[in-house]
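Asks: Before I ask anything, let me first share the structure, which is written out below as structure tokens.
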Amino acid sequence: MRGKRTLIKGATVITLDPGLGDFDVADLLIEDGRIARVAPALEIEDAELIDAASMIAIPGFVDTHRHTWQSQLRNIAADWSLTQYFTGILGSLAPTYRPEDVYAGNLLGLLEALDAGITTVLDWSHIMNTPEHADAGYEALVGAGGRAVFAYGSPNALWGEGLDAKADWSDLERVRDTYFGSDDSLVTLAAALRGPDFSTIDATADDWASIRALGLPISVHIGIGGWGQRSIAALHERGLMGPDTTYIHCSRLDPDEYAMIADTGGSVSIAAEVEMHMGHGFPPTGEMLDAGVRPSLSVDVCTGIGGDMFGQMRIALATQRGFENDAALKAGHTPDSLRVHARDALEFATIQGARACGLDDRIGTLTPGKDADIVLLGTKRLNMSPVNNPVAAAALAASAINVETVLVRGEVVKRDGNLVHRDLDRVRRLATESRDYLLEQVGAETGGAWMPAAYVPPTV
Ligand SMILES: [Zn+2]
């Protein structure tokens with residue numbers, strides 16, 4: 001017996017599937033949450049109709065690294081360096097987090113993401129201070145209604161206990177066994193590890209072994225600011241690299257380390273906007289492409305920046321073009337052409353994100369057989385009109401205000417510009433109450449005056 005059918009009618013469709021191509025006008029048939037057909041003028045009688053005339057259909061965005069638990073601290077760290085962020089957020093506020101603060105942040109952050117067309121967020125959750133924090137974080141991810149990867153990190157305190165501090169992953173095993181028995185859940189599980197930037201290579205090897213014994217993928221910050229010296233090489237030397245690992249930032253790698261990622265099949269998450277703001281080093285988009293690694297993109301922290309992928313695409317593309325144009329100018333000639341294109345940015349934000357999350361067989365392109373995670377961008381607003389290049393309109397002109405309708409596995413989570421989540425007032429209230437509580441604990445106020453001291457790293 002056939003289940004629910006939905007027909008998206010009359011959209012410009014950017015499938016990002018090279019075998020399928022793009023359509024000036026086509027329909028998407030969804031059956032039981034999956035894309036069944038993409039073709040012009042489908043004649044379907046018994047389907048719920050979504051009129052997508054003058055809309056651009058793209059795959060849902062995938063954010064491969066966001067500390068969602070911090071969402072209620074939006075813009076608190078707007079003018080902080082990375083070392084001030086370590087002191088202010090991780091050193092001061094994180095220890096005061098209660099389970100309900102993790103819940104409030106995750107719920108707000110996931111819904112904010114859905115509102116902006118991000119159908120999948122890898123929630124990099126290094127706030128697992130107690131089992132109740134983990135339960136609350138998971139509950140919010142499920143409650144928001146989007147797709148998420150719950151990247152379970154260690155308790156916040158572990159990061160300050162010294163580089164050789166040993167992590168205890170027994171609660172992660174409990175979480176896996178309690179919540180992740182089913183293969184078709186919208187929320188999947190991964191591990192968020194310190195890695196060699198923030199722990200000794202022996203402690204890193206212990207973490208890697210524990211997580212692989214649990215059968216989970218790994219996500220790790222690496223090559224960051226002054227911490228990231230030869231960290232990839234250290235992993236490589238110990239034989240720890242593999243296709244199950246996503247390397248975040250990679251801003252301070254040596255040339256041979258890019259090849260190590262490529263050779264071992266790992267994926268990369270670039271948070272170009274945060275990297276440019278806070279002192280990680282430059283986004284290595286071009287170096288990754290040179291090595292044969294197509295990166296994904298991530299928001300990282302809403303404590304500083306906005307939470308949509310449109311900004312990430314624009315900044316990743318602009319910074320890489322800026323580096324290449326500057327190199328040409330310094331070599332004495334004005335650039336003749338641009339290497340990285342708008343379509344690349346859109347792929348980074350979708351299919352490459354899906355690959356980094358291990359979900360590319362389910363999402364990331366509008367391919368029949370994949371789950372229907374779909375964003376419809378309206379083009380009637382003046383910032384999108386007239387459409388002369390749909391890919392560029394999606395990657396470089398659009399903003400969250402153009403996200404009209406969002407589907408996750410065939411279910412509409414945003415319709416006609418409005419989230420369908422039942423109680424956004426509650427989401428705002430929980431976030432505000434949590435924000436008030438957290439700032440009170442550290443004697444800080446809103447308004448931008450709080451400037452923490454720079455962080456002093458622990459030693460062995
Ligand atoms: Zn991060």
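Chain lettering (A, B, ...) mirrors the order of the structure tokens, residue numbering begins at 1 for each chain separately, and ligand numbering begins at 1 in order of display.
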Residues at most 8 Å from ligand 1, using only C-alpha atoms and all ligand atoms? Could they come as a list in words?
Replies: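 Listing the residues within 8 Å of ligand 1 gives His65, Arg66, His67, Trp124, His221, Ile248, Asp300 and Val301 of chain A.
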Asks: Take the residues just selected and output them with C-alpha atoms as an mmCIF file, in the first residue's frame.
Replies:
```
data_model
loop_
_atom_site.group_PDB
_atom_site.id
_atom_site.type_symbol
_atom_site.label_atom_id
_atom_site.label_comp_id
_atom_site.auth_asym_id
_atom_site.auth_seq_id
_atom_site.Cartn_x
_atom_site.Cartn_y
_atom_site.Cartn_z
ATOM 1 C CA HIS A 65 29.528 21.828 13.094
ATOM 2 C CA ARG A 66 27.523 24.006 15.437
ATOM 3 C CA HIS A 67 27.729 24.360 19.205
ATOM 4 C CA TRP A 124 28.885 19.622 18.437
ATOM 5 C CA HIS A 221 38.558 20.663 15.810
ATOM 6 C CA ILE A 248 36.978 21.098 11.553
ATOM 7 C CA ASP A 300 30.225 26.994 14.515
ATOM 8 C CA VAL A 301 28.964 29.510 17.081
#
```
Asks: So that I can check the surroundings of stretch 358-363 of chain A, please list as a PyMOL selection string every protein, DNA and RNA residue that reaches within 8 Å of it, counting only C-alpha atoms and ignoring chain neighbours fewer than 4 positions away.
Replies: chain A and resi 59+351-352+354+369-373
Asks: Could you write out the selected residues, including C-alpha atoms, as a short mmCIF file (atom, residue, chain, number, x, y, z; two decimals), in the first residue's frame?
Replies:
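Output below, filename selection-v5.cif:
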```cif
data_model
loop_
_atom_site.label_atom_id
_atom_site.label_comp_id
_atom_site.auth_asym_id
_atom_site.auth_seq_id
_atom_site.Cartn_x
_atom_site.Cartn_y
_atom_site.Cartn_z
CA PRO A 59 18.53 20.33 -1.24
CA ILE A 351 26.00 17.38 -0.54
CA GLN A 352 29.47 17.80 0.96
CA ALA A 354 25.81 15.25 3.88
CA GLY A 369 15.39 7.48 -3.70
CA LYS A 370 16.86 9.98 -1.25
CA ASP A 371 14.90 11.47 1.63
CA ALA A 372 12.95 14.60 0.73
CA ASP A 373 14.93 17.26 2.63
#
```
Asks: Can you pull out the residues contacting stretch 420-434 of chain A? Cut-off 7 Å, using only C-alpha atoms, and skip same-chain residues under 3 positions away; I want them as a VMD selection string.
Replies: chain A and resid 72 101 104 to 105 107 to 108 413 to 415 437 to 438
Asks: Would you mind exporting N, CA and C atoms of the selected residues as a PDB file, in the first residue's frame?
Replies:
```
ATOM      1  N   GLN A  72      21.300  30.515  22.964  1.00  0.00           N
ATOM      2  CA  GLN A  72      20.696  31.615  23.723  1.00  0.00           C
ATOM      3  C   GLN A  72      21.727  32.689  24.102  1.00  0.00           C
ATOM      4  N   ASP A 101      19.350  24.373  30.323  1.00  0.00           N
ATOM      5  CA  ASP A 101      20.009  25.359  29.469  1.00  0.00           C
ATOM      6  C   ASP A 101      20.458  24.723  28.151  1.00  0.00           C
ATOM      7  N   ALA A 104      17.265  24.411  26.140  1.00  0.00           N
ATOM      8  CA  ALA A 104      16.817  25.697  25.574  1.00  0.00           C
ATOM      9  C   ALA A 104      17.687  26.109  24.391  1.00  0.00           C
ATOM     10  N   GLY A 105      18.984  25.937  24.531  1.00  0.00           N
ATOM     11  CA  GLY A 105      19.890  26.315  23.446  1.00  0.00           C
ATOM     12  C   GLY A 105      19.703  25.441  22.224  1.00  0.00           C
ATOM     13  N   LEU A 107      17.070  23.613  21.330  1.00  0.00           N
ATOM     14  CA  LEU A 107      15.765  23.795  20.691  1.00  0.00           C
ATOM     15  C   LEU A 107      15.760  25.081  19.858  1.00  0.00           C
ATOM     16  N   LEU A 108      16.242  26.156  20.448  1.00  0.00           N
ATOM     17  CA  LEU A 108      16.319  27.421  19.716  1.00  0.00           C
ATOM     18  C   LEU A 108      17.197  27.285  18.476  1.00  0.00           C
ATOM     19  N   VAL A 413       8.166  21.488   7.553  1.00  0.00           N
ATOM     20  CA  VAL A 413       8.511  22.088   8.848  1.00  0.00           C
ATOM     21  C   VAL A 413       8.450  23.617   8.786  1.00  0.00           C
ATOM     22  N   LYS A 414       8.440  24.164   7.579  1.00  0.00           N
ATOM     23  CA  LYS A 414       8.206  25.598   7.387  1.00  0.00           C
ATOM     24  C   LYS A 414       7.333  25.733   6.146  1.00  0.00           C
ATOM     25  N   ARG A 415       6.272  26.515   6.288  1.00  0.00           N
ATOM     26  CA  ARG A 415       5.318  26.651   5.185  1.00  0.00           C
ATOM     27  C   ARG A 415       4.999  28.123   4.982  1.00  0.00           C
ATOM     28  N   TYR A 437      19.544  33.513  33.408  1.00  0.00           N
ATOM     29  CA  TYR A 437      20.156  32.710  34.479  1.00  0.00           C
ATOM     30  C   TYR A 437      21.669  32.610  34.276  1.00  0.00           C
ATOM     31  N   LEU A 438      22.074  32.274  33.073  1.00  0.00           N
ATOM     32  CA  LEU A 438      23.499  32.036  32.808  1.00  0.00           C
ATOM     33  C   LEU A 438      24.325  33.303  33.026  1.00  0.00           C
TER      34      LEU A 438
END
```
Asks: From a DSSP pass on the backbone, collect the residues of stretch 207-366 of chain A flagged as alpha helix (DSSP H) and hand them back as a PyMOL selection string.
Replies: chain A and resi 207-213+231-237+255-264+272-278+285-291+309-330+342-348+351-356
Asks: Determine, using only C-alpha atoms, which residues of stretch 214-235 of chain A have any atom at most 12 Å from an atom of stretch 175-192 of chain A, and tabulate each with its shortest atom pair and distance in Å to one decimal place, rows ordered by chain and then rising number, as a tab-separated table.
Replies:
```
residue	atom	partner	partner_atom	distance
A:Leu214	CA	A:Arg176	CA	8.5
A:Gly215	CA	A:Ala190	CA	9.0
A:Leu216	CA	A:Ala190	CA	5.3
A:Pro217	CA	A:Ala190	CA	5.0
A:Ile218	CA	A:Ala191	CA	5.0
A:Ser219	CA	A:Ala192	CA	4.9
A:Val220	CA	A:Ala192	CA	6.0
A:His221	CA	A:Ala192	CA	8.6
A:Ile222	CA	A:Ala192	CA	11.8
```
Asks: Please produce an output containing C-alpha atoms for each residue in the selection, written as a PDB file, in the first residue's frame.
Replies:
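File result-v8.pdb, as written:
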```
ATOM      1  CA  LEU A 214      31.468   2.135  20.102  1.00  0.00           C
ATOM      2  CA  GLY A 215      31.153   2.195  16.311  1.00  0.00           C
ATOM      3  CA  LEU A 216      30.628   5.950  16.040  1.00  0.00           C
ATOM      4  CA  PRO A 217      31.981   8.576  13.623  1.00  0.00           C
ATOM      5  CA  ILE A 218      34.345  11.256  14.937  1.00  0.00           C
ATOM      6  CA  SER A 219      34.335  15.035  14.648  1.00  0.00           C
ATOM      7  CA  VAL A 220      37.350  17.049  15.820  1.00  0.00           C
ATOM      8  CA  HIS A 221      38.558  20.663  15.810  1.00  0.00           C
ATOM      9  CA  ILE A 222      42.065  20.706  14.391  1.00  0.00           C
TER      10      ILE A 222
END
```
Asks: Calculated over only C-alpha atoms, which of the candidates A:Thr119, A:Arg381, A:Ile76, A:Lys330 has the smallest distance to A:Ala444?
Replies: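 Counting only C-alpha atoms, the residue closest to A:Ala444 is A:Ile76.
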